[in-house]
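Undergrad: So here's entry.cif (mmCIF, C-alpha atoms).
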```
data_work
#
loop_
_atom_site.label_atom_id
_atom_site.label_comp_id
_atom_site.auth_asym_id
_atom_site.auth_seq_id
_atom_site.Cartn_x
_atom_site.Cartn_y
_atom_site.Cartn_z
CA MET A 1228 -43.79 -8.75 85.34
CA THR A 1229 -46.01 -10.67 87.74
CA ASP A 1230 -43.79 -9.86 90.73
CA VAL A 1231 -43.86 -6.15 89.96
CA ARG A 1232 -47.61 -6.19 89.60
CA SER A 1233 -48.08 -8.08 92.85
CA ALA A 1234 -45.81 -5.60 94.65
CA PHE A 1235 -48.61 -3.05 94.29
CA ALA A 1236 -51.52 -5.44 94.59
CA ALA A 1237 -52.18 -4.31 98.15
CA LYS A 1238 -53.85 -0.93 98.40
CA LEU A 1239 -51.56 1.75 99.77
CA PRO A 1240 -52.72 3.42 102.98
CA THR A 1241 -55.09 6.34 102.58
CA PRO A 1242 -53.24 9.66 102.80
CA PRO A 1243 -54.13 11.92 105.72
CA ASP A 1244 -56.62 14.72 105.18
CA ARG A 1245 -55.13 18.13 104.46
CA ASP A 1246 -56.48 19.61 107.69
CA ASP A 1247 -55.05 22.02 110.17
CA GLU A 1248 -52.82 19.77 112.24
CA ALA A 1249 -53.20 21.99 115.31
CA ILE A 1250 -56.98 21.39 115.26
CA THR A 1251 -56.46 17.67 114.70
CA ARG A 1252 -54.05 17.49 117.63
CA GLN A 1253 -56.50 19.30 119.90
CA ALA A 1254 -59.33 16.96 118.92
CA ILE A 1255 -57.18 13.90 119.73
CA ILE A 1256 -56.14 15.33 123.08
CA ARG A 1257 -59.73 16.23 123.93
CA GLU A 1258 -60.91 12.72 123.04
CA ALA A 1259 -58.24 11.31 125.35
CA GLY A 1260 -59.58 13.42 128.24
CA LEU A 1261 -56.48 15.62 128.47
CA SER A 1262 -58.25 18.80 127.41
CA VAL A 1263 -61.72 20.21 128.02
CA ASP A 1264 -63.82 22.71 126.08
CA ASP A 1265 -65.85 24.06 129.03
CA PRO A 1266 -64.02 23.67 132.35
CA GLU A 1267 -66.96 25.13 134.28
CA THR A 1268 -68.92 21.92 133.62
CA ILE A 1269 -66.51 20.00 135.85
CA ALA A 1270 -68.29 19.12 139.08
CA ASN A 1271 -67.15 19.17 142.73
CA ARG A 1272 -64.45 21.78 142.13
CA HIS A 1273 -62.53 23.66 144.78
CA HIS A 1274 -63.40 27.33 144.48
CA PRO A 1275 -61.45 28.93 145.93
CA ILE A 1276 -58.59 26.57 146.74
CA PRO A 1277 -58.12 26.37 150.54
CA ALA A 1278 -55.09 28.22 151.87
CA GLY A 1279 -51.94 26.10 151.99
CA MET A 1280 -53.27 23.50 149.54
CA ASP A 1281 -51.09 22.94 146.47
CA PRO A 1282 -52.03 20.98 143.33
CA VAL A 1283 -50.73 17.43 142.94
CA ARG A 1284 -50.81 17.32 139.13
CA LEU A 1285 -52.45 18.89 136.10
CA LEU A 1286 -55.23 16.73 134.66
CA LYS A 1287 -56.08 18.64 131.47
CA ASP A 1288 -55.84 22.07 129.89
CA TYR A 1289 -58.39 24.43 128.36
CA ASP A 1290 -58.57 27.52 126.19
CA THR A 1291 -62.07 28.95 126.24
CA SER A 1292 -61.17 31.62 123.68
CA ARG A 1293 -61.43 28.78 121.14
CA THR A 1294 -64.47 27.06 122.66
CA THR A 1295 -67.10 28.75 124.84
CA GLY A 1296 -65.70 32.27 124.44
CA ARG A 1297 -66.29 32.88 128.17
CA LYS A 1298 -63.59 33.68 130.67
CA VAL A 1299 -63.47 31.61 133.83
CA ARG A 1300 -62.39 32.58 137.32
CA CYS A 1301 -59.15 31.30 138.77
CA SER A 1302 -59.53 29.35 141.99
CA ALA A 1303 -55.94 29.92 143.10
CA CYS A 1304 -55.77 33.70 143.49
CA ALA A 1305 -57.59 35.90 145.99
CA HIS A 1306 -59.06 38.14 143.28
CA GLN A 1307 -60.32 35.17 141.25
CA GLN A 1308 -58.67 36.55 138.15
CA GLN A 1309 -60.63 35.85 134.98
CA HIS A 1310 -58.82 34.03 132.21
CA ASN A 1311 -59.30 31.95 129.05
CA ARG A 1312 -56.28 29.68 129.25
CA GLY A 1313 -55.63 27.43 132.19
CA PHE A 1314 -55.58 23.96 133.67
CA VAL A 1315 -57.76 21.57 135.60
CA ALA A 1316 -55.56 20.63 138.55
CA GLU A 1317 -55.98 17.69 140.90
CA MET A 1318 -55.73 18.70 144.56
CA PRO A 1319 -54.50 16.47 147.41
CA ASP A 1320 -58.05 15.43 148.36
CA GLY A 1321 -58.75 14.31 144.77
CA ARG A 1322 -61.02 17.22 143.92
CA PRO A 1323 -60.29 19.40 140.84
CA ALA A 1324 -59.65 23.12 140.65
CA LEU A 1325 -59.37 25.59 137.77
CA ILE A 1326 -56.10 27.50 137.71
CA GLY A 1327 -55.17 30.14 135.16
CA ILE A 1328 -51.91 29.60 133.33
CA ASN A 1329 -50.28 32.73 134.79
CA CYS A 1330 -51.75 32.32 138.26
CA GLY A 1331 -50.31 28.84 138.54
CA GLU A 1332 -46.78 30.09 138.02
CA ARG A 1333 -47.32 32.95 140.44
CA HIS A 1334 -48.89 30.95 143.28
CA PHE A 1335 -47.23 27.56 143.13
CA GLY A 1336 -43.67 28.33 142.10
CA ASP A 1337 -42.10 28.19 138.68
CA GLY A 1338 -40.23 24.94 139.29
CA GLU A 1339 -43.05 22.72 140.55
CA TRP A 1340 -45.66 24.29 138.30
CA ALA A 1341 -43.37 23.91 135.28
CA ARG A 1342 -42.78 20.24 136.15
CA MET A 1343 -46.53 19.54 136.27
CA HIS A 1344 -47.00 21.41 133.02
CA VAL A 1345 -44.27 19.34 131.34
CA ASP A 1346 -45.85 16.12 132.63
CA LEU A 1347 -49.23 17.02 131.14
CA ARG A 1348 -47.64 18.05 127.86
CA ARG A 1349 -45.81 14.71 127.73
CA GLU A 1350 -49.09 12.83 128.20
CA GLN A 1351 -50.70 14.88 125.43
CA ASP A 1352 -47.77 14.32 123.10
CA THR A 1353 -47.96 10.58 123.72
CA VAL A 1354 -51.64 10.21 122.81
CA TYR A 1355 -51.19 12.44 119.77
CA TYR A 1356 -48.17 10.44 118.63
CA GLU A 1357 -49.95 7.13 119.01
CA ALA A 1358 -53.11 8.34 117.27
CA ARG A 1359 -51.61 10.35 114.45
CA VAL A 1360 -47.85 10.15 114.03
CA LEU A 1361 -47.28 6.43 114.53
CA PRO A 1362 -49.81 5.47 111.80
CA ALA A 1363 -48.16 8.01 109.50
CA LEU A 1364 -44.74 6.47 110.13
CA ASN A 1365 -46.22 3.06 109.34
CA GLN A 1366 -47.56 4.47 106.06
CA ILE A 1367 -44.12 5.82 105.22
CA THR A 1368 -42.52 2.46 105.92
CA ALA A 1369 -45.05 0.60 103.75
CA ALA A 1370 -44.73 3.00 100.80
CA TYR A 1371 -40.96 3.26 101.14
CA ASP A 1372 -40.46 -0.52 101.21
CA ARG A 1373 -42.64 -1.00 98.13
CA ALA A 1374 -40.81 1.74 96.28
CA VAL A 1375 -37.38 0.30 97.04
CA ALA A 1376 -38.54 -3.21 96.06
CA LEU A 1377 -39.60 -1.93 92.63
CA LYS A 1378 -36.31 -0.30 91.74
CA GLY A 1379 -34.56 -3.40 90.37
CA ALA A 1380 -37.51 -4.41 88.19
CA ILE A 1381 -37.86 -0.88 86.80
CA LYS A 1382 -34.17 -0.72 85.90
CA SER A 1383 -34.53 -4.03 84.09
CA TYR A 1384 -37.46 -2.78 82.02
CA GLU A 1385 -35.79 0.50 81.15
CA ALA A 1386 -32.66 -1.35 80.08
CA ALA A 1387 -34.82 -3.53 77.80
CA TRP A 1388 -36.36 -0.45 76.17
CA ARG A 1389 -32.92 1.02 75.54
CA GLY A 1390 -31.69 -2.31 74.16
CA LEU A 1391 -34.63 -2.49 71.76
CA LYS A 1392 -33.61 0.80 70.17
CA THR A 1393 -30.14 -0.62 69.46
CA SER A 1394 -30.94 -4.20 68.50
CA LEU A 1395 -34.22 -3.69 66.61
CA PRO A 1396 -34.23 -0.08 65.47
CA ALA A 1397 -36.96 -0.63 62.88
CA LEU A 1398 -39.33 -2.08 65.48
CA PHE A 1399 -38.41 0.64 67.93
CA LYS A 1400 -39.17 3.28 65.32
CA LEU A 1401 -42.49 1.64 64.55
CA LEU A 1402 -43.43 1.61 68.23
CA GLU A 1403 -42.27 5.19 68.67
CA THR A 1404 -44.39 6.33 65.73
CA ALA A 1405 -47.37 4.36 66.98
CA CYS A 1406 -47.16 5.90 70.43
CA LYS A 1407 -47.35 9.36 68.88
CA ASN A 1408 -50.51 8.15 67.13
CA ASP A 1409 -52.42 7.21 70.31
CA GLY A 1410 -50.77 3.79 70.14
CA PHE A 1411 -52.23 2.73 66.81
CA MET A 1412 -49.93 0.67 64.57
CA ASP A 1413 -50.60 1.37 60.89
CA ARG A 1414 -49.20 0.14 57.63
CA TYR A 1415 -49.83 1.63 54.21
CA VAL A 1416 -51.03 -0.45 51.22
CA THR A 1417 -50.90 0.85 47.67
CA ARG A 1418 -53.55 -0.40 45.29
CA GLN A 1419 -54.75 0.61 41.86
CA ILE A 1420 -58.26 1.82 41.34
CA PRO A 1421 -60.05 2.52 38.05
CA THR A 1422 -60.51 6.11 36.98
CA ILE A 1423 -61.04 8.21 33.84
CA GLY A 1424 -58.00 9.91 32.38
CA GLY A 1425 -57.76 13.42 31.04
CA ASP A 1426 -58.43 12.15 27.53
CA GLY A 1427 -61.69 10.59 28.68
CA LYS A 1428 -60.40 7.05 28.45
CA PRO A 1429 -60.52 4.49 31.29
CA THR A 1430 -57.26 4.13 33.24
CA THR A 1431 -56.05 3.43 36.77
CA LYS A 1432 -54.36 5.38 39.55
CA ASP A 1433 -52.56 4.49 42.77
CA GLN A 1434 -54.40 4.87 46.05
CA ILE A 1435 -52.67 4.50 49.42
CA ASP A 1436 -54.84 2.92 52.08
CA THR A 1437 -54.05 2.92 55.81
CA VAL A 1438 -54.43 -0.50 57.39
CA ARG A 1439 -54.54 -0.52 61.19
CA PHE A 1440 -53.13 -3.82 62.41
CA GLY A 1441 -52.44 -3.29 66.13
CA LYS A 1442 -52.31 -0.96 69.10
CA VAL A 1443 -49.64 -0.35 71.70
CA PRO A 1444 -51.25 -0.49 75.17
CA GLU A 1445 -50.64 2.51 77.40
CA PRO A 1446 -48.81 4.43 74.64
CA TRP A 1447 -48.00 7.34 76.97
CA ALA A 1448 -45.59 5.10 78.88
CA PHE A 1449 -43.36 4.41 75.89
CA GLY A 1450 -41.95 7.91 75.67
CA ALA A 1451 -42.11 8.73 79.38
CA ARG A 1452 -38.98 9.86 81.15
CA SER A 1453 -36.97 7.55 83.37
CA VAL A 1454 -39.17 6.09 86.09
CA VAL A 1455 -36.10 5.43 88.24
CA PHE A 1456 -35.66 9.21 88.45
CA ASP A 1457 -39.26 9.61 89.68
CA LEU A 1458 -38.87 6.68 92.07
CA ASP A 1459 -35.73 8.18 93.60
CA ASN A 1460 -37.62 11.44 94.14
CA ALA A 1461 -40.46 9.55 95.83
CA ILE A 1462 -38.05 7.71 98.11
CA SER A 1463 -36.29 10.96 99.00
CA THR A 1464 -39.61 12.67 99.78
CA LEU A 1465 -40.74 9.82 102.03
CA ARG A 1466 -37.38 9.86 103.81
CA THR A 1467 -37.72 13.61 104.42
CA SER A 1468 -41.23 13.11 105.80
CA LYS A 1469 -39.97 10.46 108.21
CA LEU A 1470 -37.19 12.71 109.48
CA LYS A 1471 -39.68 15.53 110.09
CA PHE A 1472 -41.99 13.24 112.03
CA GLU A 1473 -39.12 11.99 114.16
CA GLY A 1474 -37.75 15.49 114.72
CA THR A 1475 -39.49 18.46 116.31
CA ALA A 1476 -43.05 17.98 117.54
CA ASP A 1477 -44.50 21.43 116.81
CA THR A 1478 -47.64 21.49 114.70
CA LYS A 1479 -46.02 23.47 111.87
CA SER A 1480 -43.42 20.73 111.39
CA ARG A 1481 -46.13 18.08 111.64
CA ARG A 1482 -48.14 19.78 108.89
CA ALA A 1483 -45.06 19.85 106.68
CA ALA A 1484 -44.37 16.19 107.43
CA PHE A 1485 -47.92 15.14 106.50
CA ALA A 1486 -47.67 17.18 103.29
CA ASP A 1487 -44.43 15.38 102.40
CA LEU A 1488 -46.04 12.03 103.20
CA ALA A 1489 -49.02 12.72 100.94
CA ARG A 1490 -46.76 13.95 98.13
CA GLY A 1491 -44.41 10.97 98.47
CA ARG A 1492 -47.28 8.50 98.36
CA ARG A 1493 -48.72 10.14 95.24
CA MET A 1494 -45.31 9.91 93.60
CA VAL A 1495 -45.03 6.21 94.46
CA GLU A 1496 -48.52 5.60 93.07
CA ASP A 1497 -47.56 7.40 89.85
CA VAL A 1498 -44.54 5.13 89.57
CA ALA A 1499 -46.79 2.11 90.13
CA LYS A 1500 -49.01 3.27 87.28
CA GLN A 1501 -45.96 3.55 85.03
CA VAL A 1502 -44.79 0.06 86.00
CA ARG A 1503 -48.21 -1.39 85.24
CA ALA A 1504 -47.99 0.31 81.82
CA TYR A 1505 -44.61 -1.32 81.25
CA ALA A 1506 -46.09 -4.68 82.14
CA SER A 1507 -48.87 -4.29 79.58
CA HIS A 1508 -46.45 -4.05 76.63
#
```
Using the file provided, produce a representation of the structure as structure tokens.

TA:
Amino acid sequence: MTDVRSAFAAKLPTPPDRDDEAITRQAIIREAGLSVDDPETIANRHHPIPAGMDPVRLLKDYDTSRTTGRKVRCSACAHQQQHNRGFVAEMPDGRPALIGINCGERHFGDGEWARMHVDLRREQDTVYYEARVLPALNQITAAYDRAVALKGAIKSYEAAWRGLKTSLPALFKLLETACKNDGFMDRYVTRQIPTIGGDGKPTTKDQIDTVRFGKVPEPWAFGARSVVFDLDNAISTLRTSKLKFEGTADTKSRRAAFADLARGRRMVEDVAKQVRAYASH
């Protein structure tokens, strides 16, 4: 069983925290400089934007309803409309400007504004993927590969247990009984001890003593259900997690994918515990 033990010698990756994935995503994007909590702290801004000057690209986004709580004034519209959600745009001279999300569409055209918005979103998705999703996919691969590698060894052990019941039924029964007794293997010895009979005369009587001569290690494993069944469930759960990560990128799907990853890893670790119990017999 050395190979099976060594298959789990390396510590599995730590599962991700059960946090709100939307908050985690925002923190990653902010750290990468693609979002800002307080856009009014940005220096050397155009306010207002000179007539005829259009933004070159969107540098970062902001939503002050979740940060400072203050509305900011749009630099693109004549009335300097106040807003919470918007973008820090780079202007042709390199200086930034704050543009509300609705004002941008209204003043700079849906097509060009939408293109810049998509470009920024793609940058944000990339840093989030590299920081959060790619490590998760690596965790899935590591756990999945270990789980698949164990399947043959587990089948071999389970076949041996089934064969024991057929070839050595008495031993199997003894082990089965022991495992229901916290693993203790007992035998019963009858001996005669002196006593006084009903007529007041010395006599003897039989006394049955329990002699404990061994213990089955990890007795819970002996009567456990098929580990191959649990392993197949773990593999299926990890596969589902991978498909979710590689599918849609919305935060709800990401949360579900991380939950599947954590559950799949726990299932694999439970299987590893069962295999180690097998190896101890």

Undergrad: Using the chain letters and numbers from this file, what does the PyMOL selection byres ((chain A and resi 1362) around 12) select? Give the answer as a CSV table (one decimal) with C-alpha atoms, in the coordinates of the input.

TA:
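Everything below was put into expr.csv:
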```csv
chain,number,residue,atom,x,y,z
A,1240,PRO,CA,-52.7,3.4,103.0
A,1241,THR,CA,-55.1,6.3,102.6
A,1242,PRO,CA,-53.2,9.7,102.8
A,1243,PRO,CA,-54.1,11.9,105.7
A,1355,TYR,CA,-51.2,12.4,119.8
A,1356,TYR,CA,-48.2,10.4,118.6
A,1357,GLU,CA,-50.0,7.1,119.0
A,1358,ALA,CA,-53.1,8.3,117.3
A,1359,ARG,CA,-51.6,10.4,114.4
A,1360,VAL,CA,-47.8,10.2,114.0
A,1361,LEU,CA,-47.3,6.4,114.5
A,1363,ALA,CA,-48.2,8.0,109.5
A,1364,LEU,CA,-44.7,6.5,110.1
A,1365,ASN,CA,-46.2,3.1,109.3
A,1366,GLN,CA,-47.6,4.5,106.1
A,1367,ILE,CA,-44.1,5.8,105.2
A,1368,THR,CA,-42.5,2.5,105.9
A,1369,ALA,CA,-45.0,0.6,103.8
A,1469,LYS,CA,-40.0,10.5,108.2
A,1472,PHE,CA,-42.0,13.2,112.0
A,1485,PHE,CA,-47.9,15.1,106.5
A,1488,LEU,CA,-46.0,12.0,103.2
```

Undergrad: Which is closer to Glu1403 (chain A) than all the others in A:Ala1316, A:Val1454, A:Ala1249, A:Val1443, using all atoms listed in the file?

TA: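 Ranked by minimum distance to Glu1403 (chain A), first place goes to A:Val1443.
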
Undergrad: Once the PyMOL selection byres ((chain A and resi 1464) around 12) is applied to the coordinates I shared, what remains selected? I want it as a ChimeraX atom specification.

TA: /A:1367,1370-1371,1374,1457-1463,1465-1471,1483-1495

Undergrad: Could you tell me how far CA of Glu1445 (chain A) lies from CA of Ala1504 (chain A), in Å and to one decimal?

TA: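 Taking CA of Glu1445 (chain A) and CA of Ala1504 (chain A), their separation equals 5.6 Å.
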
Undergrad: For the file shown, what are the residues hit by the PyMOL selection byres ((chain A and resi 1440) around 9), laid out as a PDB file with C-alpha atoms, keeping the file's coordinate frame?

TA:
```
ATOM      1  CA  PHE A1411     -52.230   2.730  66.810  1.00  0.00           C
ATOM      2  CA  MET A1412     -49.930   0.670  64.570  1.00  0.00           C
ATOM      3  CA  ASP A1413     -50.600   1.370  60.890  1.00  0.00           C
ATOM      4  CA  ARG A1414     -49.200   0.140  57.630  1.00  0.00           C
ATOM      5  CA  VAL A1438     -54.430  -0.500  57.390  1.00  0.00           C
ATOM      6  CA  ARG A1439     -54.540  -0.520  61.190  1.00  0.00           C
ATOM      7  CA  GLY A1441     -52.440  -3.290  66.130  1.00  0.00           C
ATOM      8  CA  LYS A1442     -52.310  -0.960  69.100  1.00  0.00           C
TER       9      LYS A1442
END
```

Undergrad: Quick one: distance from CA of Asp1265 (chain A) to CA of Asp1290 (chain A) in Å, one decimal?

TA: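 According to the coordinates, CA of Asp1265 (chain A) and CA of Asp1290 (chain A) are separated by 8.5 Å.
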
Undergrad: Quote the spacing between CA of Arg1348 (chain A) and CA of Glu1317 (chain A) in Å to one decimal place.

TA: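 The value is 15.5 Å.
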
Undergrad: Restricting the calculation to only C-alpha atoms: of A:Glu1248, A:Pro1421, A:Asp1426, A:Cys1406, which residue gets closest to Pro1446 (chain A)?

TA: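 Using only C-alpha atoms, Pro1446 (chain A) sits closest to A:Cys1406.
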
Undergrad: Considering only C-alpha atoms, can you say which of A:Gln1307, A:Ser1302, A:Ser1394, A:Gln1253 comes closest to Asp1352 (chain A)?

TA: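 Closest residue, counting only C-alpha atoms: A:Gln1253.
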
Undergrad: Using all atoms listed in the file, determine which residues lie at most 12 Å from Val1455 (chain A), disregarding the query and same-chain residues fewer than 3 positions distant; provide the list as a list in words.

TA: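 Counting only the stated atoms, we get Ala1374, Val1375, Ala1376, Leu1377, Lys1378, Gly1379, Ala1380, Ile1381, Lys1382, Ser1383, Tyr1384, Glu1385, Ala1386, Ala1451, Arg1452, Leu1458, Asp1459, Asn1460, Ala1461, Ile1462, Met1494, Val1495, Asp1497, Val1498, Ala1499, Gln1501 and Val1502 of chain A.
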
Undergrad: Taking 4 positions as the minimum chain separation for residues in the same chain, which residues sit within 8 Å of Ile1326 (chain A) when counting all atoms listed in the file? Answer as a PyMOL selection string.

TA: chain A and resi 1301-1303+1313-1316+1330-1331

Undergrad: At a cut-off of 12 Å, using all atoms listed in the file, what residues contact Pro1277 (chain A)? Leave out same-chain residues fewer than 2 positions from it and give the result as a PyMOL selection string.

TA: chain A and resi 1272-1275+1279-1282+1302-1305+1318-1320+1322+1324

Undergrad: Draw an axis-aligned box over all listed atoms of region 1485-1501 of chain A, pad each side with 3 Å, and write its centre and edge lengths in Å, one decimal, as lines of an AutoDock Vina configuration file.

TA:
```
center_x = -46.7
center_y = 9.6
center_z = 95.8
size_x = 10.6
size_y = 21.1
size_z = 27.5
```

Undergrad: Considering all atoms listed in the file, return as a list of chain:residue names whatever protein or nucleic-acid residues lie within 8 Å of Thr1291 (chain A), sequence-local ones (same chain, fewer than 4 positions apart) excluded.

TA: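 That gives A:Asp1264, A:Asp1265, A:Thr1295, A:Gly1296, A:Arg1297, A:Lys1298, A:Asn1311, A:Arg1312.
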
Undergrad: Using all atoms listed in the file, give me every residue within 8 Å of (-53.1, 20.7, 111.3) in file coordinates, as a VMD selection string.

TA: chain A and resid 1245 to 1252 1478 to 1479 1481 to 1482

Undergrad: Restricting the calculation to all atoms listed in the file: of A:Arg1389, A:Arg1373, A:Arg1300, A:Lys1287, which residue gets closest to Ile1256 (chain A)?

TA: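 Among A:Arg1389, A:Arg1373, A:Arg1300, A:Lys1287, it is A:Lys1287 that comes nearest to Ile1256 (chain A).
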